[in-house]
Every structure is written in structure tokens, then in C-alpha cells.
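Containing PDB, C-alpha atoms and all ligand atoms: final26.pdb.
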ATOM      1  CA  MET A  16      26.005  10.530  -5.071
ATOM      2  CA  ILE A  17      23.919  11.621  -7.999
ATOM      3  CA  PHE A  18      23.050   9.032 -10.572
ATOM      4  CA  SER A  19      21.303   9.786 -13.778
ATOM      5  CA  TYR A  20      17.827   8.715 -14.687
ATOM      6  CA  SER A  21      17.162   9.448 -18.308
ATOM      7  CA  ALA A  22      13.412   9.893 -17.772
ATOM      8  CA  ILE A  23      14.307  13.378 -16.564
ATOM      9  CA  ASN A  24      14.763  14.298 -20.191
ATOM     10  CA  MET A  25      11.340  13.008 -21.059
ATOM     11  CA  CYS A  26       9.406  15.306 -18.790
ATOM     12  CA  PRO A  27       8.094  17.903 -21.206
ATOM     13  CA  HIS A  28       7.321  20.228 -18.346
ATOM     14  CA  TYR A  29      10.670  20.102 -16.577
ATOM     15  CA  GLY A  30      11.522  23.611 -15.592
ATOM     16  CA  SER A  31       8.052  24.962 -16.145
ATOM     17  CA  TYR A  32       5.800  22.261 -14.732
ATOM     18  CA  PRO A  33       4.467  23.501 -11.376
ATOM     19  CA  LEU A  34       4.692  20.087  -9.719
ATOM     20  CA  CYS A  35       8.205  19.512 -10.981
ATOM     21  CA  ASN A  36       9.257  22.967  -9.872
ATOM     22  CA  LYS A  37       7.965  22.447  -6.391
ATOM     23  CA  LEU A  38       9.501  19.039  -6.112
ATOM     24  CA  ARG A  39      12.753  20.316  -7.511
ATOM     25  CA  ALA A  40      12.694  23.145  -4.984
ATOM     26  CA  THR A  41      12.201  20.543  -2.273
ATOM     27  CA  SER A  42      15.088  18.534  -3.628
ATOM     28  CA  GLN A  43      17.402  21.531  -3.648
ATOM     29  CA  LYS A  44      16.552  22.081  -0.033
ATOM     30  CA  THR A  45      16.984  18.474   1.002
ATOM     31  CA  SER A  46      20.060  17.823  -1.111
ATOM     32  CA  LEU A  47      22.070  19.397   1.685
ATOM     33  CA  VAL A  48      21.209  16.400   3.834
ATOM     34  CA  GLN A  49      23.798  13.652   3.821
ATOM     35  CA  GLY A  50      22.707  10.773   1.626
ATOM     36  CA  ASN A  51      22.304   9.522  -1.889
ATOM     37  CA  LEU A  52      20.656  11.691  -4.479
ATOM     38  CA  ILE A  53      18.344  10.190  -7.030
ATOM     39  CA  VAL A  54      17.249  12.032 -10.118
ATOM     40  CA  CYS A  55      13.802  10.707 -10.804
ATOM     41  CA  PHE A  56      11.425  11.987 -13.404
ATOM     42  CA  GLY A  57      12.263  15.626 -13.332
ATOM     43  CA  PHE A  58      13.216  16.066  -9.747
ATOM     44  CA  THR A  59      15.732  14.851  -7.245
ATOM     45  CA  LEU A  60      15.033  12.365  -4.505
ATOM     46  CA  THR A  61      17.188  12.447  -1.427
ATOM     47  CA  LYS A  62      17.854   9.209   0.369
ATOM     48  CA  MET A  63      17.954  10.155   4.016
ATOM     49  CA  GLU A  64      20.570   8.463   6.135
ATOM     50  CA  GLY A  65      21.403   8.703   9.792
ATOM     51  CA  GLY A  66      20.031   7.488  13.107
ATOM     52  CA  SER A  67      21.553   4.574  14.936
ATOM     53  CA  SER A  68      24.248   2.295  13.575
ATOM     54  CA  ASN A  69      21.529   0.194  11.956
ATOM     55  CA  GLY A  70      19.813   3.307  10.634
ATOM     56  CA  PRO A  71      16.210   4.251  11.245
ATOM     57  CA  LYS A  72      13.544   1.540  11.321
ATOM     58  CA  TYR A  73      11.796   3.057   8.316
ATOM     59  CA  GLU A  74      13.523   5.191   5.692
ATOM     60  CA  CYS A  75      10.815   5.514   3.075
ATOM     61  CA  LEU A  76       7.028   5.651   2.785
ATOM     62  CA  LEU A  77       5.655   4.640  -0.595
ATOM     63  CA  PHE A  78       2.114   5.906  -1.212
ATOM     64  CA  ASP A  79      -0.386   4.888  -3.827
ATOM     65  CA  MET A  80      -2.433   7.981  -4.674
ATOM     66  CA  ASP A  81      -5.968   7.336  -5.960
ATOM     67  CA  ASP A  82      -8.380   5.998  -3.342
ATOM     68  CA  THR A  83      -5.498   5.963  -0.867
ATOM     69  CA  LEU A  84      -4.796   9.643  -0.213
ATOM     70  CA  TYR A  85      -8.507  10.365  -0.671
ATOM     71  CA  PRO A  86     -11.475   8.018  -0.129
ATOM     72  CA  LEU A  87     -13.012   5.769  -2.771
ATOM     73  CA  SER A  88     -16.378   7.222  -1.806
ATOM     74  CA  LEU A  89     -15.433  10.518  -3.446
ATOM     75  CA  GLY A  90     -16.402   9.024  -6.803
ATOM     76  CA  ILE A  91     -13.221   9.720  -8.795
ATOM     77  CA  ASN A  92     -12.717   5.991  -9.348
ATOM     78  CA  MET A  93     -16.214   5.490 -10.792
ATOM     79  CA  ALA A  94     -15.844   8.545 -13.026
ATOM     80  CA  CYS A  95     -12.535   7.185 -14.291
ATOM     81  CA  ARG A  96     -14.070   3.817 -15.136
ATOM     82  CA  LYS A  97     -16.906   5.555 -16.965
ATOM     83  CA  ASN A  98     -14.380   7.528 -19.034
ATOM     84  CA  ILE A  99     -12.434   4.360 -19.877
ATOM     85  CA  GLU A 100     -15.633   2.656 -20.999
ATOM     86  CA  GLU A 101     -16.502   5.651 -23.176
ATOM     87  CA  TYR A 102     -13.029   5.573 -24.715
ATOM     88  CA  MET A 103     -13.431   1.869 -25.503
ATOM     89  CA  LEU A 104     -16.826   2.547 -27.047
ATOM     90  CA  HIS A 105     -16.032   5.647 -29.092
ATOM     91  CA  HIS A 106     -12.338   5.202 -29.970
ATOM     92  CA  MET A 107     -12.131   1.433 -30.336
ATOM     93  CA  GLN A 108     -15.617   0.710 -31.567
ATOM     94  CA  ILE A 109     -16.020  -2.116 -29.072
ATOM     95  CA  GLU A 110     -19.591  -3.397 -28.866
ATOM     96  CA  GLU A 111     -21.438  -1.348 -26.235
ATOM     97  CA  SER A 112     -22.861  -4.397 -24.466
ATOM     98  CA  GLU A 113     -19.345  -5.869 -24.189
ATOM     99  CA  VAL A 114     -17.579  -2.783 -22.842
ATOM    100  CA  PRO A 115     -18.325  -3.019 -19.061
ATOM    101  CA  ARG A 116     -17.433  -6.722 -18.861
ATOM    102  CA  LEU A 117     -14.276  -6.335 -20.943
ATOM    103  CA  CYS A 118     -13.199  -3.245 -19.018
ATOM    104  CA  LEU A 119     -13.393  -5.136 -15.721
ATOM    105  CA  GLU A 120     -11.872  -8.352 -17.046
ATOM    106  CA  LEU A 121      -8.853  -6.588 -18.524
ATOM    107  CA  TYR A 122      -8.356  -4.633 -15.300
ATOM    108  CA  ARG A 123      -8.381  -7.856 -13.307
ATOM    109  CA  GLU A 124      -6.136  -9.745 -15.713
ATOM    110  CA  TYR A 125      -3.517  -7.139 -16.615
ATOM    111  CA  GLY A 126      -3.475  -4.631 -13.756
ATOM    112  CA  THR A 127      -5.097  -1.838 -15.747
ATOM    113  CA  THR A 128      -7.677  -1.897 -18.530
ATOM    114  CA  MET A 129      -5.223   0.113 -20.626
ATOM    115  CA  ALA A 130      -2.563  -2.594 -20.294
ATOM    116  CA  GLY A 131      -5.125  -5.233 -21.269
ATOM    117  CA  LEU A 132      -6.255  -3.291 -24.329
ATOM    118  CA  LYS A 133      -2.627  -3.164 -25.513
ATOM    119  CA  VAL A 134      -2.344  -6.912 -25.082
ATOM    120  CA  MET A 135      -5.497  -7.362 -27.145
ATOM    121  CA  GLY A 136      -3.739  -5.515 -29.937
ATOM    122  CA  TYR A 137      -5.523  -2.182 -29.763
ATOM    123  CA  GLU A 138      -3.219   0.595 -30.838
ATOM    124  CA  PHE A 139      -3.674   3.982 -29.267
ATOM    125  CA  ASP A 140      -1.557   6.824 -27.992
ATOM    126  CA  ASN A 141      -0.878   6.591 -24.246
ATOM    127  CA  ASP A 142      -1.065  10.343 -23.716
ATOM    128  CA  GLU A 143      -4.318  10.568 -25.664
ATOM    129  CA  PHE A 144      -5.815   7.767 -23.576
ATOM    130  CA  HIS A 145      -4.768   9.429 -20.309
ATOM    131  CA  ALA A 146      -6.041  12.819 -21.463
ATOM    132  CA  TYR A 147      -9.428  11.265 -22.217
ATOM    133  CA  VAL A 148      -9.872   9.191 -19.049
ATOM    134  CA  HIS A 149      -8.144  11.484 -16.548
ATOM    135  CA  GLY A 150      -8.434  14.880 -18.224
ATOM    136  CA  ARG A 151     -12.226  14.728 -17.961
ATOM    137  CA  LEU A 152     -12.427  13.712 -14.290
ATOM    138  CA  PRO A 153     -14.451  15.815 -11.813
ATOM    139  CA  TYR A 154     -11.336  17.119 -10.089
ATOM    140  CA  GLU A 155     -13.447  19.709  -8.299
ATOM    141  CA  LEU A 156     -14.480  16.882  -5.946
ATOM    142  CA  LEU A 157     -10.971  16.901  -4.520
ATOM    143  CA  LYS A 158     -10.545  19.477  -1.769
ATOM    144  CA  PRO A 159      -7.481  20.656   0.146
ATOM    145  CA  ASP A 160      -6.655  18.263   2.982
ATOM    146  CA  PRO A 161      -4.655  20.211   5.586
ATOM    147  CA  VAL A 162      -4.897  17.330   8.090
ATOM    148  CA  LEU A 163      -3.142  14.950   5.709
ATOM    149  CA  ARG A 164      -0.734  17.668   4.646
ATOM    150  CA  ASN A 165       0.361  18.228   8.262
ATOM    151  CA  LEU A 166       0.680  14.482   8.852
ATOM    152  CA  LEU A 167       2.859  14.045   5.759
ATOM    153  CA  HIS A 168       5.079  16.975   6.657
ATOM    154  CA  SER A 169       5.553  15.611  10.175
ATOM    155  CA  MET A 170       6.784  12.217   8.962
ATOM    156  CA  PRO A 171      10.584  12.101   9.034
ATOM    157  CA  GLN A 172      10.914   9.517   6.241
ATOM    158  CA  GLN A 173      11.330  10.058   2.521
ATOM    159  CA  LYS A 174       7.846  10.019   0.960
ATOM    160  CA  ILE A 175       7.213   8.912  -2.606
ATOM    161  CA  ILE A 176       4.047   8.548  -4.674
ATOM    162  CA  PHE A 177       3.840   5.244  -6.567
ATOM    163  CA  THR A 178       0.879   5.158  -8.934
ATOM    164  CA  ASN A 179      -0.147   3.580 -12.228
ATOM    165  CA  ALA A 180      -1.608   6.935 -13.279
ATOM    166  CA  ASP A 181       0.074   9.462 -15.547
ATOM    167  CA  GLU A 182       1.997  12.489 -14.350
ATOM    168  CA  ALA A 183      -0.664  15.031 -15.371
ATOM    169  CA  HIS A 184      -3.226  13.238 -13.194
ATOM    170  CA  VAL A 185      -0.772  13.111 -10.289
ATOM    171  CA  ALA A 186      -0.171  16.852 -10.612
ATOM    172  CA  GLN A 187      -3.917  17.566 -10.644
ATOM    173  CA  VAL A 188      -4.697  15.424  -7.595
ATOM    174  CA  LEU A 189      -1.800  16.645  -5.460
ATOM    175  CA  SER A 190      -2.449  20.252  -6.397
ATOM    176  CA  ARG A 191      -6.188  20.045  -5.656
ATOM    177  CA  MET A 192      -5.459  18.435  -2.278
ATOM    178  CA  GLY A 193      -2.742  20.943  -1.423
ATOM    179  CA  LEU A 194      -0.154  18.157  -1.173
ATOM    180  CA  GLU A 195       2.149  19.082  -4.042
ATOM    181  CA  ASP A 196       5.094  19.838  -1.767
ATOM    182  CA  CYS A 197       4.626  16.832   0.531
ATOM    183  CA  PHE A 198       6.539  14.248  -1.513
ATOM    184  CA  HIS A 199      10.155  13.806  -2.484
ATOM    185  CA  GLY A 200       9.247  12.130  -5.756
ATOM    186  CA  VAL A 201       6.654  10.482  -7.952
ATOM    187  CA  ILE A 202       6.893   7.120  -9.690
ATOM    188  CA  CYS A 203       4.087   7.049 -12.220
ATOM    189  CA  PHE A 204       3.096   5.629 -15.615
ATOM    190  CA  GLU A 205       5.742   7.568 -17.515
ATOM    191  CA  THR A 206       8.436   6.523 -15.032
ATOM    192  CA  LEU A 207       7.836   2.811 -15.576
ATOM    193  CA  ASN A 208       6.868   3.097 -19.239
ATOM    194  CA  PRO A 209       9.137   5.562 -21.017
ATOM    195  CA  PRO A 210       9.212   5.515 -24.828
ATOM    196  CA  PRO A 211      11.224   2.529 -26.128
ATOM    197  CA  SER A 212      13.996   4.788 -27.359
ATOM    198  CA  GLU A 213      14.550   6.091 -23.850
ATOM    199  CA  PRO A 214      16.269   3.434 -21.704
ATOM    200  CA  VAL A 215      15.907   3.967 -17.985
ATOM    201  CA  LYS A 216      19.200   4.038 -16.142
ATOM    202  CA  ILE A 217      18.881   2.820 -12.596
ATOM    203  CA  LYS A 218      21.942   3.234 -10.406
ATOM    204  CA  ASP A 219      24.782   1.273 -11.984
ATOM    205  CA  GLY A 220      22.603  -0.676 -14.423
ATOM    206  CA  THR A 221      20.213   0.024 -17.219
ATOM    207  CA  VAL A 222      16.646  -1.213 -17.387
ATOM    208  CA  GLU A 223      15.384  -1.548 -20.920
ATOM    209  CA  VAL A 224      11.692  -0.988 -20.341
ATOM    210  CA  LYS A 225      10.998  -1.734 -23.993
ATOM    211  CA  ASP A 226      12.035  -5.312 -23.217
ATOM    212  CA  PRO A 227      11.119  -5.753 -19.542
ATOM    213  CA  PRO A 228      11.160  -9.026 -17.588
ATOM    214  CA  GLU A 229       8.418 -11.599 -17.293
ATOM    215  CA  MET A 230       5.352 -10.479 -15.413
ATOM    216  CA  ASN A 231       4.474 -12.354 -12.214
ATOM    217  CA  ASN A 232       1.374 -13.818 -13.811
ATOM    218  CA  GLY A 233       3.576 -15.628 -16.291
ATOM    219  CA  THR A 234       2.634 -13.299 -19.128
ATOM    220  CA  SER A 235       5.483 -11.685 -20.968
ATOM    221  CA  SER A 236       5.563  -7.963 -20.267
ATOM    222  CA  ARG A 237       6.969  -7.581 -23.786
ATOM    223  CA  LYS A 238       3.541  -8.725 -24.864
ATOM    224  CA  THR A 239       1.620  -6.551 -22.397
ATOM    225  CA  GLN A 240       3.870  -3.566 -23.205
ATOM    226  CA  ILE A 241       2.889  -1.775 -20.017
ATOM    227  CA  LEU A 242       4.610  -2.185 -16.674
ATOM    228  CA  CYS A 243       2.217  -1.435 -13.810
ATOM    229  CA  LYS A 244       1.018  -2.540 -10.413
ATOM    230  CA  PRO A 245       0.169  -5.166  -9.302
ATOM    231  CA  SER A 246       3.027  -6.969 -11.032
ATOM    232  CA  VAL A 247       5.857  -7.744  -8.654
ATOM    233  CA  GLU A 248       8.228  -6.493 -11.375
ATOM    234  CA  ALA A 249       6.618  -3.057 -11.157
ATOM    235  CA  MET A 250       7.049  -3.139  -7.378
ATOM    236  CA  GLU A 251      10.696  -4.137  -7.722
ATOM    237  CA  ALA A 252      11.270  -1.466 -10.375
ATOM    238  CA  ALA A 253       9.832   1.187  -8.035
ATOM    239  CA  ILE A 254      12.091  -0.033  -5.235
ATOM    240  CA  ARG A 255      15.137   0.219  -7.523
ATOM    241  CA  ILE A 256      14.177   3.646  -8.858
ATOM    242  CA  ALA A 257      13.598   5.021  -5.368
ATOM    243  CA  ASN A 258      16.790   3.265  -4.253
ATOM    244  CA  VAL A 259      15.213   2.150  -0.996
ATOM    245  CA  ASP A 260      15.563  -0.915   1.194
ATOM    246  CA  PRO A 261      12.172  -2.671   1.027
ATOM    247  CA  LYS A 262      12.683  -3.886   4.598
ATOM    248  CA  LYS A 263      12.788  -0.215   5.662
ATOM    249  CA  THR A 264       9.928   0.903   3.439
ATOM    250  CA  ILE A 265       6.191   1.020   4.170
ATOM    251  CA  PHE A 266       3.856   0.715   1.189
ATOM    252  CA  PHE A 267       0.333   2.171   1.407
ATOM    253  CA  ASP A 268      -2.311   1.123  -1.128
ATOM    254  CA  ASP A 269      -6.072   0.598  -1.247
ATOM    255  CA  SER A 270      -5.789  -2.344  -3.659
ATOM    256  CA  VAL A 271      -5.784  -5.836  -2.183
ATOM    257  CA  ARG A 272      -3.749  -7.265  -5.047
ATOM    258  CA  ASN A 273      -1.224  -4.408  -4.910
ATOM    259  CA  ILE A 274      -0.748  -5.090  -1.208
ATOM    260  CA  ALA A 275      -0.121  -8.775  -1.950
ATOM    261  CA  SER A 276       2.529  -8.015  -4.560
ATOM    262  CA  GLY A 277       4.061  -5.303  -2.375
ATOM    263  CA  LYS A 278       4.512  -7.905   0.325
ATOM    264  CA  ALA A 279       5.985 -10.321  -2.229
ATOM    265  CA  ALA A 280       8.536  -7.626  -3.101
ATOM    266  CA  GLY A 281       9.565  -7.450   0.564
ATOM    267  CA  LEU A 282       7.794  -4.241   1.603
ATOM    268  CA  HIS A 283       5.965  -3.522   4.837
ATOM    269  CA  THR A 284       2.365  -3.048   3.787
ATOM    270  CA  VAL A 285      -0.662  -1.054   4.856
ATOM    271  CA  VAL A 286      -4.019  -1.549   3.199
ATOM    272  CA  VAL A 287      -5.951   1.734   3.206
ATOM    273  CA  GLY A 288      -9.741   2.103   3.163
ATOM    274  CA  ARG A 289     -10.391  -1.088   5.135
ATOM    275  CA  SER A 290     -10.688  -1.864   8.805
ATOM    276  CA  THR A 291      -9.572  -5.489   8.472
ATOM    277  CA  LEU A 292      -6.367  -7.068   7.233
ATOM    278  CA  VAL A 293      -6.120  -8.613   3.783
ATOM    279  CA  PRO A 294      -3.557 -11.202   2.589
ATOM    280  CA  GLY A 295      -0.092  -9.654   2.677
ATOM    281  CA  ALA A 296      -1.123  -6.614   4.740
ATOM    282  CA  ASP A 297       0.718  -5.808   7.971
ATOM    283  CA  HIS A 298      -1.759  -3.079   8.913
ATOM    284  CA  ALA A 299      -5.215  -1.898   7.882
ATOM    285  CA  LEU A 300      -6.344   1.737   7.926
ATOM    286  CA  ASN A 301      -9.904   2.872   7.450
ATOM    287  CA  SER A 302      -8.564   6.227   6.370
ATOM    288  CA  ILE A 303      -5.093   7.601   5.723
ATOM    289  CA  HIS A 304      -5.992  10.127   8.428
ATOM    290  CA  ASN A 305      -5.730   7.323  11.017
ATOM    291  CA  ILE A 306      -2.073   6.728  10.265
ATOM    292  CA  LYS A 307      -0.674   8.202  13.477
ATOM    293  CA  GLU A 308      -2.881   6.075  15.712
ATOM    294  CA  ALA A 309      -2.202   2.879  13.758
ATOM    295  CA  LEU A 310       1.498   3.379  12.975
ATOM    296  CA  PRO A 311       3.121   5.489  15.696
ATOM    297  CA  GLU A 312       6.446   3.818  14.845
ATOM    298  CA  ILE A 313       6.680   6.113  11.812
ATOM    299  CA  TRP A 314       7.452   8.938  14.212
ATOM    300  CA  GLU A 315       9.474   6.900  16.721
ATOM    301  CA  ASP A 316      12.803   7.322  14.926
ATOM    302  CA  GLU A 317      12.373  11.054  15.199
ATOM    303  CA  VAL A 318      11.520  10.814  18.916
ATOM    304  CA  GLU A 319      14.574   8.578  19.515
ATOM    305  CA  HIS A 320      16.774  11.034  17.635
ATOM    306  CA  LEU A 321      15.438  13.951  19.665
ATOM    307  CA  GLU A 322      15.981  11.999  22.892
ATOM    308  CA  GLN A 323      19.586  11.334  21.845
ATOM    309  CA  VAL A 324      20.094  15.032  21.142
ATOM    310  CA  ILE A 325      18.563  15.991  24.505
ATOM    311  CA  GLN A 326      20.714  13.416  26.343
ATOM    312  CA  SER A 327      23.804  14.623  24.518
ATOM    313  CA  SER A 328      23.015  18.244  25.424
ATOM    314  CA  ALA A 329      22.432  17.235  29.036
ATOM    315  CA  VAL A 330      25.833  15.535  29.239
ATOM    316  CA  GLU A 331      27.527  18.592  27.725
ATOM    317  CA  THR A 332      25.763  20.832  30.245
ATOM    318  CA  VAL A 333      26.980  18.692  33.161
ATOM    319  CA  VAL A 334      30.553  18.729  31.864
ATOM    320  CA  LEU A 335      30.467  22.467  31.339
ATOM    321  CA  ALA A 336      29.104  23.007  34.853
TER     322      ALA A 336
HETATM  323 MG    MG B 401      -5.433   3.168  -5.576
END
Mind turning this structure into C-alpha cells?
Ligand SMILES: [Mg+2]
Amino acid sequence: MIFSYSAINMCPHYGSYPLCNKLRATSQKTSLVQGNLIVCFGFTLTKMEGGSSNGPKYECLLFDMDDTLYPLSLGINMACRKNIEEYMLHHMQIEESEVPRLCLELYREYGTTMAGLKVMGYEFDNDEFHAYVHGRLPYELLKPDPVLRNLLHSMPQQKIIFTNADEAHVAQVLSRMGLEDCFHGVICFETLNPPPSEPVKIKDGTVEVKDPPEMNNGTSSRKTQILCKPSVEAMEAAIRIANVDPKKTIFFDDSVRNIASGKAAGLHTVVVGRSTLVPGADHALNSIHNIKEALPEIWEDEVEHLEQVIQSSAVETVVLA
């Protein structure tokens, strides 16, 4: 079943955008698999079905991107914060001595500094903001990661990026890391925050993002204007857009508060970049590279399926003999 998602029309690069092309190519390939098809931001997601009568234990893996697929120590995060502070200083004329404190406070209060600035009444173009803070990042620090690429390709579940960042940043990071064909879809800033004139149709209902529900911190999202992690509403929106069962979905994120809200939304959770559990986390991974050792169950459905196929073949062989 294909259901429309009007954000597809918003992607200015659809048809020419390298990331979209690759993801669309993936979707064309996987659309042959039995299941539900989801059109999501310029490409098609395929909901895999099969396995036992109860289905596989996990159907979907939802990955944060920044500081999750690559380590915090790389310095991208610090460079991004520096760019945000410069934007606040030069484009909003905020007092220089106030910028670092305000930047951090808004991030803590509203999920992202950008969301907080909107609440404060600052008016700026979202694309211009993203181009300034992400477009000037030292992307050359990101290197191809063939180990992670092989791990992702070996996972039998549907894999989706879920990030607060914009689509251009997602494309840069995945391309630099050589992971652009590893995911069935991307849920990013533009997915959750389309222009007000573009309602987002999700399955058989319509989500009017220009008038979204209350945020979990009690603040009206109509006031904040931006829907983003760690609000539980953003988590639930991602779950609806991906059309996944949260009980069969594992959510990976480096943020402690994102993990807490992911758990509140019913997801299995893995905090990445830490060796110890945090509130709401089911697992902790020092590095995403450790995923196979820490979560072998991700591959167990595939092993069970292969065992069933082997057993079935064996029975056929006996009968034929
Ligand atoms: Mg992150």
C-alpha cells in the first residue's frame, strides 16, 4: 500500500538530489518485497513484513545521526555550536557576553537553540540558519566508515535516520561517511517542520504541523514553532511517519534526554557514546561499532529465518529421496 506524504513535493532536489536518488533507487529495489510502502520526503520506505506468525522481534532501527554514527570527539558538535553562536552574534545582534549562556539555555529548554530563538521571537529563515551553522562545518573531518557500512548492510531490519538536522546536512554526513545507501529513509528537520501551507499526510490522517500538539514540557508547540527531539511528540510523529511499531523498533541516540523521550514513546532504546546506562536506556554502546557484540538479537531474526529455510529444504530433500 502506498500512501502519500506531501513533503515529497517539498524536496527541491527530488529527482536530482544525489541522496534522494540513491534512496529512491533503494526503494525501487525493495518495493518488490511484500509490505507497506511509505513515501517519505522524496523517497519510498518499505515496511518489511514476514518471519513468524508474530513477525520478527525487531522490524525497524531508528538512528540519530550526529554524534551517534560518528563520535562526539570528532569535533563536529563543537564546530556547530560555534557557528550557532556566531549566527546569534552577527545576525541577531545578541550581546556577545550573553551568547554562550543563551545558546546553551535555549538548547536545554527547547531541544535546539534554533527552536528557542523562535520562541524568543527572533525571525529568521530556517534554510539560511541551517546553511550558516551546517554549511560551514569542517565536513572533511568525516571519513568513510566501511566497518559501519558493512554492519548496517548486514542488518535485516528497515533502517531510518531520525535527526533534528536539515536534509542538506544529512546528505553531507552520509555521503562523507560512505553511508548514503545504507538507509531506507530520513526523518529530518524538513520532515517534521514543513512550511505551514504544506500539511503532512500520515497514513489515513493529516498532521497539520503548523498547528501541532502540546509539547511534553507543557509549552505549546504552536508557540515554539519547531517540532524536534527531545519532545515526545516529535518521537511519536517519527513513529507515525515511518509507520513502525515502537515495540519492534530500536532507537539509537547519543542524547540522554532523547533516549528518555524515546522510551516514553514506547521504543527500545540504545544510548550511544557511553559505557553505562542512562534513564530510559535499555542498552549502552561506547561506539556504534560495538553494536553486534551488544545487540546480537538484531541479527537473530535473520538466523532464525535461515534455519527455517534450511530445515524446510532438508525436509524436502528427505521426501524427494
Ligand atoms: Mg546526536
(Q) If the limit is 9 Å from any atom of ligand MG 401 (chain B), counting all atoms listed in the file, which residues qualify? Return them as a ChimeraX atom specification. (A) /A:79-84,87,92,178-179,268-270,273,287
Take the residues from that selection and put them in a file with C-alpha atoms, as an mmCIF file, in the frame of the given file.
data_model
loop_
_atom_site.group_PDB
_atom_site.id
_atom_site.type_symbol
_atom_site.label_atom_id
_atom_site.label_comp_id
_atom_site.auth_asym_id
_atom_site.auth_seq_id
_atom_site.Cartn_x
_atom_site.Cartn_y
_atom_site.Cartn_z
ATOM 1 C CA ASP A 79 -0.386 4.888 -3.827
ATOM 2 C CA MET A 80 -2.433 7.981 -4.674
ATOM 3 C CA ASP A 81 -5.968 7.336 -5.960
ATOM 4 C CA ASP A 82 -8.380 5.998 -3.342
ATOM 5 C CA THR A 83 -5.498 5.963 -0.867
ATOM 6 C CA LEU A 84 -4.796 9.643 -0.213
ATOM 7 C CA LEU A 87 -13.012 5.769 -2.771
ATOM 8 C CA ASN A 92 -12.717 5.991 -9.348
ATOM 9 C CA THR A 178 0.879 5.158 -8.934
ATOM 10 C CA ASN A 179 -0.147 3.580 -12.228
ATOM 11 C CA ASP A 268 -2.311 1.123 -1.128
ATOM 12 C CA ASP A 269 -6.072 0.598 -1.247
ATOM 13 C CA SER A 270 -5.789 -2.344 -3.659
ATOM 14 C CA ASN A 273 -1.224 -4.408 -4.910
ATOM 15 C CA VAL A 287 -5.951 1.734 3.206
#
Q) Within 12 Å of (3.9, 2.3, 13.5), only C-alpha atoms: residues as a count of residues only? A) 25
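Between atom CA of Asp181 of chain A and atom CA of Ser88 of chain A the interatomic distance comes to 21.6 Å.
Rounded to one decimal, atom CA of Lys133 of chain A and atom CA of Ile241 of chain A lie 7.9 Å from each other.
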Q) Could you state the separation of atom CA of Thr128 of chain A and atom CA of Thr291 of chain A in Å, given to one decimal place? A) 27.3 Å
Can you turn the PyMOL selection byres (((chain A and resi 151) around 12) and not hetatm) into a concrete residue list for this file, as a JSON list (two decimals) with C-alpha atoms, keeping the file's coordinate frame?
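Okay, result_16.json is ready:
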[["chain", "number", "residue", "atom", "x", "y", "z"],
["A", 91, "ILE", "CA", -13.22, 9.72, -8.80],
["A", 94, "ALA", "CA", -15.84, 8.54, -13.03],
["A", 95, "CYS", "CA", -12.54, 7.18, -14.29],
["A", 96, "ARG", "CA", -14.07, 3.82, -15.14],
["A", 97, "LYS", "CA", -16.91, 5.56, -16.96],
["A", 98, "ASN", "CA", -14.38, 7.53, -19.03],
["A", 99, "ILE", "CA", -12.43, 4.36, -19.88],
["A", 101, "GLU", "CA", -16.50, 5.65, -23.18],
["A", 102, "TYR", "CA", -13.03, 5.57, -24.72],
["A", 143, "GLU", "CA", -4.32, 10.57, -25.66],
["A", 144, "PHE", "CA", -5.82, 7.77, -23.58],
["A", 145, "HIS", "CA", -4.77, 9.43, -20.31],
["A", 146, "ALA", "CA", -6.04, 12.82, -21.46],
["A", 147, "TYR", "CA", -9.43, 11.26, -22.22],
["A", 148, "VAL", "CA", -9.87, 9.19, -19.05],
["A", 149, "HIS", "CA", -8.14, 11.48, -16.55],
["A", 150, "GLY", "CA", -8.43, 14.88, -18.22],
["A", 152, "LEU", "CA", -12.43, 13.71, -14.29],
["A", 153, "PRO", "CA", -14.45, 15.82, -11.81],
["A", 154, "TYR", "CA", -11.34, 17.12, -10.09],
["A", 155, "GLU", "CA", -13.45, 19.71, -8.30],
["A", 183, "ALA", "CA", -0.66, 15.03, -15.37],
["A", 184, "HIS", "CA", -3.23, 13.24, -13.19],
["A", 187, "GLN", "CA", -3.92, 17.57, -10.64]]
Q) Given the file above and the PyMOL selection byres (((chain A and resi 247) around 8) and not hetatm), which residues are selected, and can you give them as a PyMOL selection string? A) chain A and resi 230-231+244-246+248-251+276-277+279-280
Let me have the centre and edge lengths of the axis-aligned box enclosing all listed atoms of segment 118-123 of chain A with 3 Å padding on every side, in Å to one decimal, as JSON.
{"center_x": -10.9, "center_y": -5.8, "center_z": -16.2, "size_x": 11.0, "size_y": 11.1, "size_z": 11.7}
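Shortest atom-to-atom contact with Val201 of chain A among A:Glu111, A:Glu138, A:Glu120, A:Glu182: A:Glu182, counting all atoms listed in the file.
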Q.
Using only C-alpha atoms, can you tell me which of A:Tyr85, A:Phe139, A:Phe177, A:Phe78 comes closest to Ile256 of chain A?
A. A:Phe177
Q: Considering all atoms listed in the file, state which residue in the set A:Ala253, A:His106, A:Leu292, A:Gln240 is at the smallest distance from Met135 of chain A.
A: A:Gln240
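With distances taken over all atoms listed in the file, A:Ala257 is the one residue among A:Gly295, A:Pro159, A:Lys262, A:Ala257 lying closest to Leu207 of chain A.
Proximity ranking of A:Ile175, A:Leu89, A:Cys203, A:Val162 relative to Val259 of chain A places A:Ile175 first, based on only C-alpha atoms.
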Q: Would you mind telling me which residue in A:Leu189, A:Ala252, A:Asn208, A:Gly288 lies nearest to His304 of chain A when using only C-alpha atoms?
A: A:Gly288
Q: For Glu113 of chain A, list every protein, DNA or RNA residue within 12 Å, evaluated using only C-alpha atoms, and leave out those in the same chain fewer than 4 positions away; present the list as JSON, numbers by chain.
A: {"A": [100, 101, 103, 104, 107, 108, 109, 117, 118, 119, 120, 121]}
(Q) Set the distance at 7 Å and use all atoms listed in the file: which residues neighbour Lys174 of chain A once local chain neighbours fewer than 2 positions away are removed? I'd like the list as a ChimeraX atom specification. (A) /A:75-77,172,176,198-199
